[in-house]
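Trainee: Please find coords03.cif (mmCIF, C-alpha atoms and all ligand atoms) on the next line:
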```cif
data_start
loop_
_atom_site.label_atom_id
_atom_site.label_comp_id
_atom_site.auth_asym_id
_atom_site.auth_seq_id
_atom_site.Cartn_x
_atom_site.Cartn_y
_atom_site.Cartn_z
CA MET P 41 23.58 18.78 19.48
CA ALA P 42 25.23 22.12 20.30
CA ILE P 43 26.54 23.71 17.12
CA ILE P 44 29.95 25.39 17.15
CA HIS P 45 29.84 28.83 15.54
CA GLY P 46 32.31 31.64 15.17
CA GLY P 47 31.74 34.44 17.65
CA GLN P 48 32.09 32.23 20.74
CA LEU P 49 35.02 34.19 22.12
CA ALA P 50 34.20 33.65 25.80
CA ARG P 51 34.50 29.86 25.37
CA VAL P 52 37.79 30.06 23.46
CA ALA P 53 39.28 32.71 25.79
CA LYS P 54 38.56 30.44 28.75
CA GLN P 55 40.03 27.42 27.00
CA TYR P 56 43.29 29.26 26.24
CA GLN P 57 43.23 31.28 29.49
CA ILE P 58 43.70 34.62 27.76
CA PRO P 59 41.42 37.52 28.80
CA GLU P 60 38.69 38.23 26.25
CA GLN P 61 39.79 41.83 25.72
CA ASP P 62 43.23 40.70 24.51
CA TRP P 63 41.94 38.75 21.49
CA LEU P 64 41.79 39.62 17.84
CA ASP P 65 38.42 38.12 16.94
CA LEU P 66 38.04 37.30 13.23
CA SER P 67 35.86 34.29 13.85
CA THR P 68 32.68 35.49 12.12
CA GLY P 69 31.70 36.74 8.68
CA ILE P 70 30.25 39.93 10.12
CA ALA P 71 31.64 43.10 8.52
CA PRO P 72 34.14 44.89 10.79
CA PHE P 73 32.67 48.26 9.74
CA SER P 74 29.18 48.80 11.15
CA TYR P 75 26.41 51.03 9.95
CA PRO P 76 26.58 54.02 12.35
CA ILE P 77 23.84 53.82 14.96
CA PRO P 78 21.92 57.13 14.84
CA GLU P 79 20.30 58.77 17.82
CA ILE P 80 17.15 56.73 18.40
CA PRO P 81 14.08 58.78 19.40
CA ASN P 82 12.64 57.94 22.84
CA LYS P 83 9.33 57.10 21.22
CA ILE P 84 10.95 54.18 19.38
CA TRP P 85 12.03 52.71 22.73
CA GLN P 86 8.71 53.48 24.41
CA ASP P 87 6.24 52.22 21.82
CA LEU P 88 5.50 48.66 20.84
CA PRO P 89 7.23 48.01 17.52
CA THR P 90 5.24 48.31 14.31
CA ILE P 91 6.32 47.17 10.87
CA SER P 92 5.83 50.38 8.93
CA SER P 93 5.02 50.61 5.24
CA SER P 94 8.13 52.79 4.85
CA LEU P 95 10.35 49.98 6.17
CA ILE P 96 8.71 47.49 3.80
CA ALA P 97 9.18 49.92 0.91
CA ALA P 98 12.87 50.37 1.82
CA ALA P 99 13.38 46.60 2.04
CA LYS P 100 11.55 45.97 -1.24
CA ALA P 101 13.75 48.53 -2.98
CA TYR P 102 16.98 47.21 -1.43
CA TYR P 103 16.28 43.52 -2.12
CA GLN P 104 14.40 44.24 -5.37
CA ALA P 105 11.58 42.12 -3.99
CA GLU P 106 7.90 42.19 -4.79
CA TYR P 107 7.10 40.86 -1.33
CA CYS P 108 9.29 40.75 1.75
CA TRP P 109 8.90 40.73 5.52
CA PRO P 110 11.27 41.33 8.43
CA VAL P 111 12.23 38.57 10.84
CA ALA P 112 14.40 38.59 13.97
CA GLY P 113 17.46 37.50 11.96
CA SER P 114 17.23 34.80 9.29
CA GLN P 115 17.96 32.31 12.08
CA GLN P 116 14.45 32.89 13.43
CA LEU P 117 12.91 31.61 10.23
CA ILE P 118 15.42 28.79 9.78
CA GLU P 119 14.11 27.39 13.08
CA LYS P 120 10.46 27.86 12.14
CA LEU P 121 10.44 26.58 8.56
CA PRO P 122 10.13 22.83 9.31
CA ALA P 123 6.87 23.37 11.22
CA LEU P 124 5.52 25.81 8.62
CA TRP P 125 6.27 23.46 5.72
CA ASN P 126 4.79 20.50 7.60
CA GLU P 127 1.60 22.39 8.15
CA LYS P 128 1.36 23.34 4.49
CA VAL P 129 2.12 19.87 3.16
CA ASN P 130 -0.18 18.10 5.63
CA SER P 131 -3.06 20.34 4.69
CA GLU P 132 -2.64 19.44 1.00
CA HIS P 133 -1.20 15.92 0.75
CA SER P 134 -0.48 12.82 2.74
CA ARG P 135 3.08 11.53 3.07
CA SER P 136 4.84 8.95 5.13
CA GLN P 137 8.40 10.26 5.05
CA LYS P 138 9.88 13.73 5.15
CA HIS P 139 13.05 14.54 3.20
CA VAL P 140 15.39 17.51 3.07
CA TYR P 141 18.41 18.07 0.79
CA LEU P 142 21.18 20.17 2.29
CA PRO P 143 24.75 21.18 1.49
CA LYS P 144 27.10 18.81 3.33
CA VAL P 145 29.33 21.72 4.31
CA GLY P 146 27.46 24.89 5.19
CA TYR P 147 25.77 26.79 8.01
CA LYS P 148 24.75 23.89 10.24
CA GLU P 149 21.64 25.48 11.75
CA HIS P 150 19.66 24.44 8.66
CA GLN P 151 20.58 20.81 9.22
CA GLN P 152 19.75 21.07 12.92
CA ALA P 153 16.33 22.62 12.32
CA TRP P 154 15.19 19.97 9.80
CA PHE P 155 16.68 17.17 11.90
CA LYS P 156 14.67 18.37 14.88
CA GLY P 157 11.60 18.44 12.62
CA ASP P 158 12.09 14.68 11.97
CA TYR P 159 13.24 15.10 8.40
CA GLN P 160 15.48 12.56 6.74
CA LEU P 161 18.67 14.43 5.81
CA HIS P 162 20.29 14.04 2.37
CA PHE P 163 23.47 15.87 1.44
CA TYR P 164 24.90 17.36 -1.73
CA GLN P 165 27.79 19.76 -2.34
CA GLU P 166 29.20 20.88 -5.70
CA GLU P 167 26.16 19.85 -7.74
CA LEU P 168 22.60 20.74 -6.84
CA PRO P 169 20.42 17.67 -6.25
CA THR P 170 19.03 16.09 -9.42
CA PHE P 171 16.63 13.74 -7.67
CA ILE P 172 14.32 14.85 -4.89
CA GLU P 173 11.28 13.22 -3.30
CA LYS P 174 7.80 14.70 -3.60
CA ASN P 175 6.91 17.33 -0.95
CA SER P 176 10.54 17.52 0.15
CA VAL P 177 12.75 20.52 0.85
CA VAL P 178 15.96 21.75 -0.78
CA VAL P 179 18.21 24.21 1.05
CA VAL P 180 20.80 26.17 -0.93
CA ILE P 181 23.28 28.46 0.79
CA ASN P 182 24.42 30.99 -1.80
CA PRO P 183 27.24 31.90 -1.40
CA ASN P 184 28.16 28.94 0.75
CA ASN P 185 29.50 29.70 4.21
CA PRO P 186 32.34 28.71 4.74
CA LEU P 187 33.21 27.41 1.25
CA THR P 188 32.36 30.65 -0.65
CA ASP P 189 31.04 28.51 -3.58
CA THR P 190 28.13 29.96 -5.53
CA PHE P 191 25.37 28.65 -7.79
CA SER P 192 24.22 30.63 -10.83
CA ILE P 193 20.72 31.92 -11.42
CA THR P 194 20.39 29.46 -14.32
CA GLN P 195 21.14 26.55 -11.99
CA LEU P 196 18.69 27.85 -9.40
CA ILE P 197 15.93 28.40 -11.95
CA GLU P 198 16.33 24.80 -13.13
CA LEU P 199 16.20 23.55 -9.55
CA GLN P 200 13.17 25.70 -8.81
CA LYS P 201 11.27 24.21 -11.77
CA TYR P 202 12.06 20.72 -10.55
CA CYS P 203 11.01 21.67 -7.00
CA GLU P 204 7.73 22.95 -8.38
CA GLU P 205 7.13 19.65 -10.23
CA GLN P 206 7.82 17.76 -7.03
CA HIS P 207 5.79 20.16 -4.90
CA ALA P 208 8.97 20.78 -2.90
CA LEU P 209 10.04 23.83 -0.93
CA LEU P 210 13.17 25.65 -2.08
CA VAL P 211 15.01 27.68 0.56
CA VAL P 212 17.78 29.96 -0.72
CA ASP P 213 19.89 31.38 2.09
CA GLU P 214 21.56 34.56 0.81
CA ALA P 215 23.03 35.64 4.15
CA PHE P 216 26.22 36.91 2.47
CA ALA P 217 24.77 38.02 -0.88
CA ASP P 218 24.82 41.79 -0.27
CA ILE P 219 28.42 42.00 -1.49
CA PHE P 220 27.45 40.84 -4.98
CA GLU P 221 25.67 42.68 -7.80
CA ALA P 222 21.87 42.68 -7.48
CA GLU P 223 21.63 40.18 -10.38
CA PHE P 224 23.25 37.52 -8.20
CA SER P 225 20.20 37.28 -5.96
CA PHE P 226 17.39 34.84 -6.65
CA VAL P 227 14.91 37.38 -5.28
CA THR P 228 14.25 38.93 -8.68
CA HIS P 229 13.35 35.48 -10.05
CA LEU P 230 10.71 34.72 -7.46
CA ASN P 231 7.24 34.18 -8.78
CA ASN P 232 4.17 34.62 -6.73
CA THR P 233 2.97 31.03 -6.87
CA ALA P 234 6.13 29.16 -6.04
CA ASN P 235 7.20 27.63 -2.74
CA VAL P 236 10.46 29.53 -2.63
CA ILE P 237 11.86 31.34 0.38
CA VAL P 238 14.89 33.61 0.08
CA LEU P 239 16.54 34.49 3.38
CA ARG P 240 18.43 37.75 3.64
CA SER P 241 20.58 38.42 6.66
CA PHE P 242 20.94 42.07 7.66
CA GLY P 243 23.66 41.76 10.31
CA LYS P 244 26.52 40.58 8.14
CA PHE P 245 26.90 43.26 5.48
CA PHE P 246 25.73 46.09 7.73
CA GLY P 247 28.01 44.86 10.55
CA LEU P 248 25.15 44.81 13.07
CA ALA P 249 24.49 41.16 13.87
CA GLY P 250 23.46 42.06 17.41
CA LEU P 251 20.47 44.03 16.12
CA ARG P 252 18.75 40.71 15.24
CA ILE P 253 16.88 41.66 12.11
CA GLY P 254 16.77 40.00 8.70
CA PHE P 255 14.32 39.73 5.84
CA VAL P 256 12.47 37.03 4.00
CA CYS P 257 11.59 37.48 0.33
CA SER P 258 8.97 35.11 -1.01
CA SER P 259 5.45 34.94 -2.45
CA LYS P 260 2.70 37.09 -0.91
CA ALA P 261 1.14 33.98 0.65
CA TRP P 262 4.40 32.88 2.28
CA CYS P 263 5.03 36.41 3.59
CA GLU P 264 1.59 36.37 5.20
CA THR P 265 2.15 32.93 6.73
CA ILE P 266 5.46 34.09 8.17
CA GLN P 267 3.96 37.34 9.42
CA ASP P 268 1.21 35.38 11.25
CA ASN P 269 3.67 32.91 12.62
CA ILE P 270 6.29 35.23 14.10
CA GLY P 271 3.71 37.40 15.84
CA PRO P 272 3.51 41.19 16.08
CA TRP P 273 6.60 42.11 18.19
CA SER P 274 9.39 39.73 17.29
CA ILE P 275 11.64 42.47 15.99
CA ASN P 276 12.40 45.31 18.36
CA GLY P 277 11.66 48.93 17.46
CA PRO P 278 15.28 50.17 17.43
CA ALA P 279 16.21 47.35 15.01
CA LEU P 280 13.38 48.32 12.66
CA TYR P 281 14.38 51.99 12.91
CA VAL P 282 18.08 51.45 12.19
CA ALA P 283 17.45 48.89 9.43
CA GLU P 284 15.19 51.27 7.54
CA LEU P 285 17.84 53.99 7.53
CA ALA P 286 20.59 51.55 6.55
CA LEU P 287 18.60 49.98 3.72
CA LYS P 288 17.95 53.44 2.24
CA ASP P 289 21.54 54.66 2.62
CA LYS P 290 22.94 53.92 -0.81
CA SER P 291 26.13 55.93 -0.40
CA TRP P 292 27.05 54.09 2.82
CA GLN P 293 26.32 50.76 1.10
CA LYS P 294 28.61 51.70 -1.78
CA GLN P 295 31.38 52.74 0.58
CA GLN P 296 30.93 49.53 2.60
CA THR P 297 31.19 47.28 -0.48
CA LYS P 298 34.32 49.07 -1.61
CA ARG P 299 36.16 48.92 1.71
CA LEU P 300 35.20 45.28 2.29
CA GLN P 301 36.55 44.40 -1.16
CA ILE P 302 39.78 46.28 -0.46
CA GLN P 303 40.31 44.62 2.92
CA SER P 304 39.41 41.19 1.55
CA HIS P 305 41.95 41.61 -1.23
CA LYS P 306 44.66 42.66 1.25
CA MET P 307 43.87 39.68 3.45
CA ILE P 308 44.13 37.28 0.53
CA GLU P 309 47.58 38.68 -0.29
CA LEU P 310 48.70 38.42 3.33
CA LEU P 311 47.39 34.90 3.82
CA LYS P 312 48.91 33.72 0.53
CA LYS P 313 52.28 34.97 1.70
CA GLN P 314 52.09 33.82 5.31
CA LEU P 315 50.34 30.49 4.81
CA PRO P 316 51.84 29.18 1.57
CA SER P 317 50.65 25.84 0.22
CA SER P 318 47.09 26.77 1.14
CA ASN P 319 44.12 26.88 -1.17
CA ILE P 320 42.41 30.22 -0.55
CA LYS P 321 38.78 30.96 -1.40
CA ALA P 322 37.35 34.33 -0.58
CA ASN P 323 34.59 36.86 -0.94
CA ALA P 324 34.26 40.35 0.53
CA LEU P 325 32.92 39.07 3.87
CA PHE P 326 35.27 36.19 4.66
CA VAL P 327 38.38 34.37 3.50
CA THR P 328 38.59 30.58 3.83
CA VAL P 329 42.04 29.02 3.87
CA PHE P 330 42.28 25.29 3.17
CA ASN P 331 45.45 23.86 4.62
CA GLU P 332 46.36 20.34 5.68
CA ASN P 333 47.61 21.77 8.97
CA ALA P 334 44.48 23.86 9.61
CA ALA P 335 43.89 22.44 13.10
CA LEU P 336 47.49 23.08 14.14
CA ILE P 337 47.49 26.63 12.72
CA TYR P 338 44.22 27.25 14.56
CA GLN P 339 45.84 26.27 17.85
CA LEU P 340 48.93 28.40 17.19
CA LEU P 341 46.74 31.39 16.35
CA CYS P 342 44.71 30.86 19.52
CA LYS P 343 47.88 30.72 21.60
CA ASN P 344 48.64 34.15 20.10
CA ALA P 345 45.13 35.38 20.96
CA VAL P 346 43.89 35.33 17.38
CA TYR P 347 40.49 33.69 17.07
CA VAL P 348 39.37 32.44 13.65
CA ARG P 349 36.87 29.73 12.75
CA LEU P 350 38.25 26.21 12.29
CA THR P 351 35.77 24.43 10.02
CA ASP P 352 33.88 21.43 11.38
CA GLU P 353 35.79 19.29 8.89
CA GLN P 354 39.04 20.69 10.43
CA ASP P 355 40.44 21.21 6.93
CA ALA P 356 40.19 25.00 6.71
CA LEU P 357 40.25 28.26 8.64
CA ARG P 358 37.69 30.95 7.95
CA PHE P 359 38.90 34.49 8.58
CA GLY P 360 36.38 37.30 8.90
CA ILE P 361 37.48 40.50 7.16
CA ALA P 362 39.91 42.54 9.25
CA ASP P 363 39.82 46.32 9.41
CA PRO P 364 43.17 48.08 8.74
CA SER P 365 44.41 47.97 12.35
CA GLN P 366 43.28 44.36 12.82
CA LEU P 367 45.08 43.49 9.60
CA GLN P 368 48.34 44.91 10.97
CA ARG P 369 47.98 42.81 14.08
CA LEU P 370 47.08 39.71 12.05
CA SER P 371 50.15 40.23 9.90
CA ALA P 372 52.40 40.42 12.99
CA ASN P 373 50.78 37.35 14.53
CA LEU P 374 51.07 35.30 11.36
CA ALA P 375 54.74 36.23 11.02
CA HIS P 376 55.19 35.09 14.61
CA ILE P 377 53.65 31.66 14.13
CA GLY P 378 55.16 31.14 10.65
C1 LIG Z 401 24.64 31.08 5.93
C2 LIG Z 401 24.00 31.71 7.13
N1 LIG Z 401 22.66 31.87 7.15
C3 LIG Z 401 22.03 32.45 8.17
C4 LIG Z 401 22.73 32.88 9.29
C5 LIG Z 401 21.95 33.52 10.40
O1 LIG Z 401 22.23 34.87 10.47
P1 LIG Z 401 21.17 35.94 11.02
O2 LIG Z 401 20.21 35.21 11.89
O3 LIG Z 401 21.99 36.91 11.78
O4 LIG Z 401 20.51 36.55 9.82
C6 LIG Z 401 24.12 32.73 9.33
C7 LIG Z 401 24.89 33.18 10.49
O5 LIG Z 401 26.08 33.03 10.58
C8 LIG Z 401 24.76 32.13 8.22
O6 LIG Z 401 26.09 31.97 8.20
#
```
Would you put the structure from the file into C-alpha cells?
Mentor:
Amino acid sequence: MAIIHGGQLARVAKQYQIPEQDWLDLSTGIAPFSYPIPEIPNKIWQDLPTISSSLIAAAKAYYQAEYCWPVAGSQQLIEKLPALWNEKVNSEHSRSQKHVYLPKVGYKEHQQAWFKGDYQLHFYQEELPTFIEKNSVVVVINPNNPLTDTFSITQLIELQKYCEEQHALLVVDEAFADIFEAEFSFVTHLNNTANVIVLRSFGKFFGLAGLRIGFVCSSKAWCETIQDNIGPWSINGPALYVAELALKDKSWQKQQTKRLQIQSHKMIELLKKQLPSSNIKANALFVTVFNENAALIYQLLCKNAVYVRLTDEQDALRFGIADPSQLQRLSANLAHIG
C-alpha cells in the first residue's frame, strides 16, 4: 500500500501538467524557514560519521532528555519498531496475537509499519484507549498530524501507567512538538524502566527534512537497543554536524518559533476570510481547514498551481506555513478561486 504524503510535487505537477517550478508548494508541515547550513569542513565529508558526546549533550539539553539517540529521521525508527518490540516480547513472554492501538487519523506510516509486522490494528481518536491487550502497543501522535489535536501530560501519564500494567509499549510521536513549551513534551516524564519511546523529528521545526536526522528519547536500555539496531553509520556526518549546531542555537530557535507563530496567525486570518464556513485548526507548523468542499477546493488550488495536502478522508486541506512572499501568492490564488 503506497501512502500518499505531502511533498509529492512531481506527481501532482505531472497530473495537472504544470511545470514543477511554477507551483506554490505548501503540502508539508516543514517550516519554510530553514536553519542556515554553515560551511561544512571537508573532514566531515571525508570521515565515517561518529555520534559524538557533544551531539548527545546538545540533544539531551534541547529535548530535556536523560537518554536520547539520533536516528535517520523518526521514520527510520517507525519502520523498525515492530521487529524490535517483537524481539523483546518474544524473549520474555509467549503470545498468540499481536495488537496495536493507533489514531484513526494521523501519520499513516505508523499504521503501515505495524500492519507489515502482522499486528492487528485497533483505532481510537479523541479519547486515548482505555482497554489494551497484554504486550500490545499504543501509538500517540502529539500533536496529531493533520488534526492538530493534543493530549495532556496527565492523560499520557495515565496511559503510560496502564501500558506498564499491561506490559505494553507506548510510542509518543512528537514530530511537531518543538513549537510548544518544553512542558508539553512527554520526554521529561520518561522513567528509566518503562517501555516508552518518544520520537522527535528534527526536519520539521528546523526546516531541514532532507537532512534525514531525528532523535529518540527513551530509557537507557531502549537507546542501546536502537543504537545496536540502526548500525554505526545510518546518519551521515553533515547531518550530525548541522544538527548539533542547530540544537545549540537558542537564539535561532527563539526567532524561528516567533516567525512561525506570526505566519501561522496570518494564514489563519487569510483562510478564515477566503474559505468561510470552514472549521480551522492550526498550530505554528500547519493549518488544517475542514470544509465540506475540501476535495473541490483542492482541485481548484491545483489548477492554480497551489499544492496543499488533501487529507485521506477528503474532508480537510492541510496548509504548511507560508513565508511572507508565499502568503502573498496564496492570498492572490485564493481570491482567484473564491
Ligand atoms: C507525525 C509524523 N511523524 C513522523 C514523521 C517522519 O518525519 P521524519 O522522518 O522526517 O522525522 C512525519 C513526517 O511527516 C510525521 O508527520
Trainee: Neighbours of Cys342 (chain P) within 10 Å (all atoms listed in the file; same-chain residues fewer than 5 positions away dropped), as a list in words?
Mentor: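 In the requested format, the answer is Val52, Ala53, Gln55, Tyr56, Ile58, Trp63, Leu64, Asp65, Leu336, Ile337, Tyr347 and Val348 of chain P.
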Trainee: Could you work out how far atom P1 of ligand LIG 401 (chain Z) lies from CA of Val180 (chain P), giving the answer in Å with one decimal?
Mentor: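 Interatomic distance, CA of Val180 (chain P) to atom P1 of ligand LIG 401 (chain Z): 15.4 Å.
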Trainee: Could you list the protein, DNA and RNA residues that have any atom within 9 Å of ligand LIG 401 (chain Z), counting all atoms listed in the file, and write them as an MDAnalysis selection string?
Mentor: chainID P and resid 45:46 68:70 111:118 146:150 181:186 213:216 239:244 248:255
Trainee: Could those residues be written to a file, using C-alpha atoms, as a tab-separated table (two decimals), keeping the file's coordinate frame?
Mentor:
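Saved the output as selection_18.tsv:
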```tsv
chain	number	residue	atom	x	y	z
P	45	HIS	CA	29.84	28.83	15.54
P	46	GLY	CA	32.31	31.64	15.17
P	68	THR	CA	32.68	35.49	12.12
P	69	GLY	CA	31.70	36.74	8.68
P	70	ILE	CA	30.25	39.93	10.12
P	111	VAL	CA	12.23	38.57	10.84
P	112	ALA	CA	14.40	38.59	13.97
P	113	GLY	CA	17.46	37.50	11.96
P	114	SER	CA	17.23	34.80	9.29
P	115	GLN	CA	17.96	32.31	12.08
P	116	GLN	CA	14.45	32.89	13.43
P	117	LEU	CA	12.91	31.61	10.23
P	118	ILE	CA	15.42	28.79	9.78
P	146	GLY	CA	27.46	24.89	5.19
P	147	TYR	CA	25.77	26.79	8.01
P	148	LYS	CA	24.75	23.89	10.24
P	149	GLU	CA	21.64	25.48	11.75
P	150	HIS	CA	19.66	24.44	8.66
P	181	ILE	CA	23.28	28.46	0.79
P	182	ASN	CA	24.42	30.99	-1.80
P	183	PRO	CA	27.24	31.90	-1.40
P	184	ASN	CA	28.16	28.94	0.75
P	185	ASN	CA	29.50	29.70	4.21
P	186	PRO	CA	32.34	28.71	4.74
P	213	ASP	CA	19.89	31.38	2.09
P	214	GLU	CA	21.56	34.56	0.81
P	215	ALA	CA	23.03	35.64	4.15
P	216	PHE	CA	26.22	36.91	2.47
P	239	LEU	CA	16.54	34.49	3.38
P	240	ARG	CA	18.43	37.75	3.64
P	241	SER	CA	20.58	38.42	6.66
P	242	PHE	CA	20.94	42.07	7.66
P	243	GLY	CA	23.66	41.76	10.31
P	244	LYS	CA	26.52	40.58	8.14
P	248	LEU	CA	25.15	44.81	13.07
P	249	ALA	CA	24.49	41.16	13.87
P	250	GLY	CA	23.46	42.06	17.41
P	251	LEU	CA	20.47	44.03	16.12
P	252	ARG	CA	18.75	40.71	15.24
P	253	ILE	CA	16.88	41.66	12.11
P	254	GLY	CA	16.77	40.00	8.70
P	255	PHE	CA	14.32	39.73	5.84
```
Trainee: Identify, on the basis of all atoms listed in the file, every residue whose closest approach to region 271-282 of chain P does not exceed 8 Å; exclude the query and any residue fewer than 3 positions from it along the same chain; express the result as a PyMOL selection string.
Mentor: chain P and resi 77-78+80+84-85+87-91+95+110-112+251-253+267-268+285-286
Trainee: Between P:Ala322, P:Leu340, P:Ile270, P:Ala105, which has the minimum distance to Phe226 (chain P) (counting all atoms listed in the file)?
Mentor: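 Of P:Ala322, P:Leu340, P:Ile270, P:Ala105, the one nearest Phe226 (chain P), counting all atoms listed in the file, is P:Ala105.
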Trainee: P:Asn373, P:Thr328, P:Asn175, P:Ser225: which is nearest His207 (chain P), counting all atoms listed in the file?
Mentor: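 Checking each candidate against His207 (chain P), we get P:Asn175 as the closest.
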Trainee: Could you work out how far CA of Asn231 (chain P) lies from CA of Glu198 (chain P), giving the answer in Å with one decimal?
Mentor: 13.8 Å
Trainee: How many Å lie between CA of Thr188 (chain P) and CA of Ile43 (chain P), rounded to one decimal?
Mentor: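 Between these atoms lies a distance of 19.9 Å.
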Trainee: Please determine, counting only C-alpha atoms, which residue among P:Gln339, P:Phe359, P:Lys120, P:Ala375 has the shortest atom-to-atom distance to Ser67 (chain P).
Mentor: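 Comparing P:Gln339, P:Phe359, P:Lys120, P:Ala375 against Ser67 (chain P), the winner is P:Phe359.
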Trainee: Got a sec: who's within 10 Å of Asn331 (chain P), counting all atoms listed in the file, leaving out chain neighbours fewer than 2 positions off, as a list in words?
Mentor: Leu315, Pro316, Ser317, Ser318, Asn319, Ile320, Thr328, Val329, Asn333, Ala334, Ala335, Leu336, Ile337, Gln354, Asp355, Ala356 and Leu357 of chain P
Trainee: Using only C-alpha atoms, which residue out of P:Ala222, P:Gln295, P:Phe246, P:Gln301 lies closest to Ala101 (chain P)?
Mentor: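 Among P:Ala222, P:Gln295, P:Phe246, P:Gln301, it is P:Ala222 that comes nearest to Ala101 (chain P).
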Trainee: So that I can check the surroundings of Lys138 (chain P), please list as a PyMOL selection string every protein, DNA and RNA residue that reaches within 7 Å of it, counting only C-alpha atoms and ignoring chain neighbours fewer than 3 positions away.
Mentor: chain P and resi 159-160+176
Trainee: Which one is closest to Ala372 (chain P): P:Gln296, P:Asn344, P:Ser92, P:Thr351? Count all atoms listed in the file.
Mentor: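 For Ala372 (chain P), the nearest of the given residues is P:Asn344.
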Trainee: So which residues touch Thr297 (chain P) within 8 Å, counting only C-alpha atoms, skipping near sequence neighbours fewer than 4 positions away, as a PyMOL selection string?
Mentor: chain P and resi 219+293+301+324
Trainee: From the options P:Ala50, P:Leu124, P:Ala345, P:Val177, which residue's atoms come nearest to Cys203 (chain P), counting only C-alpha atoms?
Mentor: P:Val177
